[in-house]
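This report concerns only the one structure given below.
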Amino acid sequence: MMPKLLTGLMMLFAALIVVGAAQSQEFAAIDWSDRGHAAGVVLITTGAVVAYRPLGFLISMALLVFALLVLVERRNALIAAGYSIGLTLFAYWLFGKALKAPLERGLLWF
Amino acid sequence: MLWYAFIGCLVGTLVGMLPGIGPLAGISILLPLTFGLDATKAIVMLAGIYYGSQYGGSTTSILLRIPGEAASVMTCIDGNAMAKKGRAGAALCIAAVGSFVAGTFGVLLLTLVAPPLADFALGFGPPEYTALLALGLIFLAYMSTGSLVRTLLMAALGLLLGTIGIDVMTGHFRYSFDIPELGDGIGIVPVAVGLFGLGEILSTPSRQVTAEVIRPRFRELWPSREEWRQSALPIARGSALGFVIGIIPGSAHIISSFMSYALEKRMSKTPEEFGKGAVAGVAGPESANNAASTGSFVPMLALGIPTGPVTAVLMAALLIHGVPPGPTLVNDHPSVFWGFVASMYVGNLMLLALNLPLVGVFVNLLRIPYAYLYPLIIMFCVIGVYEVNNSIVDVWIMLIMGVVGYGLKKFGFDPAPLVLGLVIAPIFEMSLRQSLIMSDGGWMIFLQRPIAGVLLAVSAGLLALSAFAQISRRGDWRPKLAEAETRKEP
């Protein structure tokens, strides 16, 4: 009953939005200048999520941060590598050891 | 308990300060870490993040002219203007003291108002509860800056997502697509983190978050006697106004700061000073948004009604810890309620002590380029969401909701009602079905019960008011508020 009621309401609201379409912003007027950034972040994060269980937290998250900094933000690769490794190790200590959060081991033994 | 209040306040100050992450994402990410704590400590820490972020947001507004948190938009105007005149320290001090006074005032009123309201609500049955929840959603839609219909659509979508999983009455799986992890439904944490954490990152390229940081000196923190005199009444007015608005569902902390700014400008003998560094332009809005954040806890604790996405997630936190918020909370779990209230008194003192002496430390944090900050936030999002159920499905849900949140923002839909709908969906459906069972399927029960009837009449009145405003296009204050919110984008 509830799903049908809600679906009916959503159809009503959608119809009202269509009727009042003239008040909405034109599709061409929407600023999509950030789509490259968004697409890059989504693709890299998707890869990290796919790799999370097979490779483990340390490797997948370090690669995530490195890829974001180098491929999306175009930062220096050496600095990015140092930052990503250091940050991941800090996060591993903070969440895995101090806060006892479950982190995937993957390929590593710890 | 004090230790967890301190952690919450510290984290709240940081998330309030840092653009790109707000209290909602902060609470959602840290929620799984509270699973090992008891309910009181968990809610104390998470609530500390919320009201702490109101303090922290003012720091970025004043020093960078970038609101660290949505409610600090108005502080950007006169706060940064004061900073450019060399009065950054005074602005920070007035914002901190105003927030402290308003927060303490709000907690005092919470202590006085919540228990009697809870006693009144104990007489509510399923029809009254259904009507109250419906009113809450419609009020939220009415108070939102965007279209009422779009907000209601998002709320309905959230309620629909809340039906995924096992039906508690029949035991059937609904919309789980044979994915076992969806048997428990879609969690609030992946959705909230995805929509507000990841979604915000997707729509904020690092080039948009660069600004010069004004660095105040510690000895310049104390305002002059004249500045204190100018801030006294705005703090008092902002506190009262903010608390009242905070009780109402909707973007209370944003609305309260906007209304306080407008009130102070109207009451000022020198309104031309607003926009150029008027002390009242900082004191009023900062007090109002803090009082509103405290006021928003009244319906959450006393009635079990979330007034916004943050209180919705806090409610989810209480439910996860086995403490149902609502009229029975005060009597059945007094330690949770009074522990929470007591921690807020102390929390406000802690925040005053944190924000002023440590402003130099916080300024250095603001210098971290956003490009290095958001990968850290994404990592925390993955950790926090995965930790809820040790399930990679939750992380996928977070990622999908992040893309959805990005799309919703682009097309002018507010994602907050979706989260509200998701949180209240189980309670709403249970109340609705119980009401229909009581009446043998008759819908007139909602009109036959006086309280439910009144609540639904108020809902109908709000819908009619909104429709009239749309038709006449006059007296609709929401576009002005939307304009103020979009001014937050640098």
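Identifiers for the structure tokens are assigned positionally: chains receive A, B, ... in sequence, residues are indexed from 1 per chain, and ligands are indexed from 1 in the order shown.
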Excluding region 371-379 of chain B and any residue of its chain fewer than 4 positions from it, enumerate the residues within 7 Å of it, using only C-alpha atoms, and give them as number ranges by chain. A: 61, 65, 68, 73; B: 198, 201, 206, 383
Test item: residues at most 7 Å from region 257-271 of chain B, only C-alpha atoms, excluding those fewer than 5 positions along its chain, as a ChimeraX atom specification: /B:71,74,234,238,280-281,284-286,288-289
So, with only C-alpha atoms as the atoms that count, which of A:Ala28, A:Val72, A:Ala21, A:His37 lies closest to chain B?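 Smallest separation from chain B among the options: A:His37.
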Enumerate, as a VMD selection string, the complete set of residues in region 19-65 of chain A that a backbone-based DSSP assignment places in helix (DSSP H, G or I). chain A and resid 19 21 to 23 27 to 29 35 to 55 57 to 65
Find the residue from B:Cys93, B:Gly79, B:Val107, B:Ala156 that sits nearest to Met11 (chain A); use only C-alpha atoms when measuring.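 Smallest distance to Met11 (chain A) is found for B:Ala156.
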Using 8 Å as the limit and counting only C-alpha atoms, can you tabulate each residue of chain B that touches chain A, with its shortest atom-to-atom distance in Å and the two atoms involved, as a Markdown table?
| residue | atom | partner | partner_atom | distance |
| --- | --- | --- | --- | --- |
| B:Leu33 | CA | A:Ala101 | CA | 7.1 |
| B:Val149 | CA | A:Phe13 | CA | 5.9 |
| B:Arg150 | CA | A:Ile17 | CA | 7.3 |
| B:Leu152 | CA | A:Phe13 | CA | 7.5 |
| B:Leu153 | CA | A:Met10 | CA | 5.7 |
| B:Ala156 | CA | A:Leu6 | CA | 6.0 |
| B:Leu157 | CA | A:Met10 | CA | 7.3 |
| B:Leu159 | CA | A:Leu6 | CA | 7.4 |
| B:Leu160 | CA | A:Pro3 | CA | 6.1 |
| B:Thr163 | CA | A:Pro3 | CA | 6.9 |
| B:Ile201 | CA | A:Ala38 | CA | 7.9 |
| B:Leu202 | CA | A:Ala38 | CA | 4.5 |
| B:Ser203 | CA | A:Asp34 | CA | 6.2 |
| B:Thr204 | CA | A:Asp34 | CA | 7.2 |
| B:Pro205 | CA | A:His37 | CA | 6.1 |
| B:Ser206 | CA | A:Glu73 | CA | 7.8 |
| B:Ala371 | CA | A:Glu73 | CA | 6.5 |
| B:Tyr372 | CA | A:Leu69 | CA | 7.3 |
| B:Pro375 | CA | A:Val65 | CA | 5.4 |
| B:Leu376 | CA | A:Val65 | CA | 7.4 |
| B:Met379 | CA | A:Met61 | CA | 6.7 |
| B:Ile383 | CA | A:Leu103 | CA | 7.5 |
| B:Glu387 | CA | A:Pro102 | CA | 6.2 |
| B:Asn390 | CA | A:Pro102 | CA | 7.3 |
| B:Ile392 | CA | A:Val49 | CA | 7.7 |
| B:Val395 | CA | A:Val49 | CA | 7.3 |
| B:Trp396 | CA | A:Val49 | CA | 7.5 |
| B:Leu399 | CA | A:Thr46 | CA | 7.6 |
| B:Val403 | CA | A:Val42 | CA | 7.7 |
| B:Lys410 | CA | A:Ile30 | CA | 6.8 |
| B:Phe411 | CA | A:Ile30 | CA | 7.8 |
| B:Glu429 | CA | A:Met2 | CA | 6.8 |
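Straight-line separation from CA of Trp222 (chain B) to CA of Leu354 (chain B): 15.2 Å.
For the pair CA of Arg87 (chain B) and CA of Lys276 (chain B), the separation is 12.0 Å.
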CA of Ala102 (chain B) and CA of Pro415 (chain B) are how many Å apart?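 Atom-to-atom, CA of Ala102 (chain B) to CA of Pro415 (chain B), that is 28.6 Å.
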